[in-house]
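Source file: protein.txt. Holds: compact mmCIF, C-alpha atoms.
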# COMPACT_ATOMS: atom_id res chain seq x y z
CA MET O 1222 -24.01 15.14 1.26
CA ASP O 1223 -23.62 12.27 -1.20
CA GLY O 1224 -20.47 11.52 -3.13
CA PRO O 1225 -16.79 11.61 -2.30
CA THR O 1226 -16.94 14.63 0.00
CA SER O 1227 -17.69 14.86 3.69
CA ARG O 1228 -19.70 17.45 5.57
CA ASN O 1229 -16.81 19.88 5.38
CA ASP O 1230 -16.37 19.37 1.61
CA ARG O 1231 -13.01 17.69 2.15
CA PRO O 1232 -12.12 14.70 -0.03
CA ARG O 1233 -12.58 11.33 1.64
CA MET O 1234 -9.10 9.99 2.31
CA ASP O 1235 -10.26 6.41 2.81
CA VAL O 1236 -10.83 5.88 -0.93
CA VAL O 1237 -7.59 7.36 -2.27
CA ILE O 1238 -3.85 7.40 -1.74
CA LEU O 1239 -1.74 10.52 -1.97
CA VAL O 1240 1.07 10.57 -4.54
CA THR O 1241 3.46 13.31 -5.65
CA ARG O 1242 4.04 14.61 -9.16
CA LEU O 1243 7.64 15.28 -10.19
CA ASN O 1244 7.03 19.03 -9.72
CA GLY O 1245 6.12 18.41 -6.05
CA ALA O 1246 2.35 18.75 -6.36
CA VAL O 1247 0.47 16.15 -4.33
CA PHE O 1248 -2.69 14.61 -5.74
CA ALA O 1249 -5.13 11.89 -4.74
CA LEU O 1250 -5.33 8.67 -6.73
CA ASN O 1251 -7.86 5.85 -6.46
CA PRO O 1252 -5.64 2.72 -6.30
CA ASP O 1253 -8.51 0.53 -7.49
CA LEU O 1254 -8.15 2.14 -10.92
CA VAL O 1255 -4.44 1.33 -11.29
CA GLU O 1256 -3.59 -1.18 -14.00
CA ARG O 1257 0.19 -1.13 -13.58
CA ALA O 1258 3.20 0.74 -12.23
CA ASP O 1259 6.36 0.94 -14.37
CA CYS O 1260 9.85 2.16 -13.51
CA THR O 1261 11.25 3.83 -16.66
CA PRO O 1262 13.37 5.22 -14.65
CA ASP O 1263 10.60 7.49 -13.30
CA THR O 1264 7.60 5.75 -11.84
CA VAL O 1265 4.76 5.74 -14.36
CA ILE O 1266 1.29 4.78 -13.09
CA THR O 1267 -1.13 3.57 -15.77
CA LEU O 1268 -4.84 3.52 -14.97
CA VAL O 1269 -7.34 1.09 -16.46
CA ASP O 1270 -8.56 3.80 -18.86
CA GLY O 1271 -5.03 4.36 -20.20
CA THR O 1272 -4.33 7.59 -18.28
CA LYS O 1273 -0.69 7.81 -17.23
CA TYR O 1274 0.81 9.68 -14.29
CA ILE O 1275 4.51 10.17 -13.58
CA ILE O 1276 5.07 10.27 -9.83
CA ALA O 1277 8.03 10.97 -7.57
CA GLU O 1278 7.53 7.87 -5.41
CA SER O 1279 9.41 4.72 -6.34
CA VAL O 1280 7.50 1.62 -7.44
CA PRO O 1281 8.10 -0.12 -4.06
CA GLU O 1282 6.89 3.00 -2.20
CA PHE O 1283 3.80 3.17 -4.40
CA ILE O 1284 3.07 -0.54 -3.90
CA ASP O 1285 3.46 -0.08 -0.15
CA SER O 1286 0.90 2.75 -0.24
CA VAL O 1287 -1.54 0.53 -2.12
CA ARG O 1288 -0.98 -2.31 0.38
CA HIS O 1289 -1.67 0.01 3.32
CA TYR O 1290 -4.81 1.29 1.61
CA ARG O 1291 -6.12 -2.24 0.99
CA ALA O 1292 -5.19 -3.39 4.49
CA SER O 1293 -7.14 -0.46 5.93
CA LEU O 1294 -10.19 -1.51 3.89
CA ILE O 1295 -9.97 -5.06 5.22
CA ALA O 1296 -9.55 -3.81 8.80
CA GLN O 1297 -12.52 -1.47 8.42
CA ALA O 1298 -14.68 -4.26 6.96
CA SER O 1299 -13.71 -6.54 9.87
CA ARG O 1300 -14.72 -3.88 12.39
CA ILE O 1301 -18.05 -3.33 10.65
CA GLU O 1302 -18.69 -7.08 10.46
CA GLY O 1303 -17.86 -7.43 14.15
CA GLU O 1304 -20.25 -4.63 15.05
CA HIS O 1305 -23.04 -6.22 13.00
CA LEU O 1306 -22.35 -9.60 14.61
CA ALA O 1307 -22.49 -8.07 18.10
CA ILE O 1308 -25.79 -6.36 17.27
CA ALA O 1309 -27.20 -9.59 15.83
CA LEU O 1310 -26.17 -11.54 18.94
CA SER O 1311 -27.71 -8.98 21.27
CA ASP O 1312 -30.91 -9.04 19.16
CA ASP O 1313 -30.99 -12.85 19.38
CA GLU O 1314 -30.63 -12.67 23.17
CA THR O 1315 -33.46 -10.15 23.35
CA GLU O 1316 -35.66 -12.34 21.16
CA GLN O 1317 -34.88 -15.36 23.33
CA ASP O 1318 -35.70 -13.40 26.47
CA ALA O 1319 -39.00 -12.34 24.94
CA LYS O 1320 -39.93 -15.92 24.01
CA ILE O 1321 -39.31 -17.44 27.45
CA VAL O 1322 -42.58 -17.99 29.24
CA PRO O 1323 -42.43 -19.39 32.76
CA LEU O 1324 -44.69 -22.38 33.29
CA HIS O 1325 -46.37 -22.92 36.61
CA ARG O 1326 -47.57 -26.33 37.65
CA LYS O 1327 -51.16 -26.39 38.82
CA ASP O 1328 -51.89 -28.24 42.01
CA ARG O 1329 -54.65 -30.78 41.53
As structure tokens:
Amino acid sequence: MDGPTSRNDRPRMDVVILVTRLNGAVFALNPDLVERADCTPDTVITLVDGTKYIIAESVPEFIDSVRHYRASLIAQASRIEGEHLAIALSDDETEQDAKIVPLHRKDR
């Protein structure tokens, strides 16, 4: 199934962070859409489209969540790149093996 859901129709947790409203309700937020986080004294998250959310987490806690999210993306990209590199190297070895032709010297 395409889109932000998996086979089991659960939201993909690798593209969002979980934050808590002041009433205790937890919701998912895409940190790539965050423009700023203000402490007024509640934490107010402003998205790039101007939408504002008041959350229970402090600004440092929110920033830490965003850092962990971004670090996980970098780690995942490194793993994928490493897998592609390993596949490319094994393909190169196979191609080299296929191109090697033994030469036999003819006796004259």
Kindly indicate which residue among O:Arg1291, O:Arg1300, O:Arg1242, O:Arg1326 lies nearest to Ala1277 (chain O), using only C-alpha atoms for the distances.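 Using only C-alpha atoms, the shortest distance to Ala1277 (chain O) belongs to O:Arg1242.
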Of O:Asp1270, O:Asp1328, O:Glu1278, O:Asp1285, the one sitting nearest Gly1245 (chain O) when using all atoms listed in the file is O:Glu1278
A straight line from CA of Val1280 (chain O) to CA of Asn1251 (chain O) spans 16.0 Å
Separating CA of Phe1248 (chain O) from CA of Thr1264 (chain O), to the nearest tenth of an Å, is a gap of 14.9 Å
Near-Leu1294 (chain O) list (12 Å; all atoms listed in the file; drop same-chain fewer than 4 positions) as a list in words: Met1234, Asp1235, Val1236, Val1237, Pro1252, Asp1253, Val1287, Arg1288, His1289, Tyr1290, Ala1298, Ser1299, Arg1300 and Ile1301 of chain O
Find the spatial neighbours of Leu1243 (chain O), counting all atoms listed in the file, within a cut-off of 8 Å - ignore same-chain residues fewer than 3 positions away - and output them as a PyMOL selection string. chain O and resi 1246+1275-1277
Quick one: pull the distance between CA of Gly1271 (chain O) and CA of Ile1238 (chain O), Å, one decimal. 18.7 Å
When distances are computed from all atoms listed in the file, which of O:Ile1295, O:His1325, O:Val1247, O:Glu1302 shows the smallest separation from Tyr1274 (chain O)? O:Val1247
Centre and size of axis-aligned box enclosing region 1289-1305 of chain O plus 6 Å each side, as lines of an AutoDock Vina configuration file:
center_x = -12.4
center_y = -3.1
center_z = 8.0
size_x = 33.4
size_y = 20.7
size_z = 26.1
So, with only C-alpha atoms as the atoms that count, which of O:Ile1266, O:Cys1260, O:Leu1239, O:Val1255 lies closest to Ser1286 (chain O)?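 Checking each of O:Ile1266, O:Cys1260, O:Leu1239, O:Val1255 against Ser1286 (chain O), counting only C-alpha atoms, the winner is O:Leu1239.
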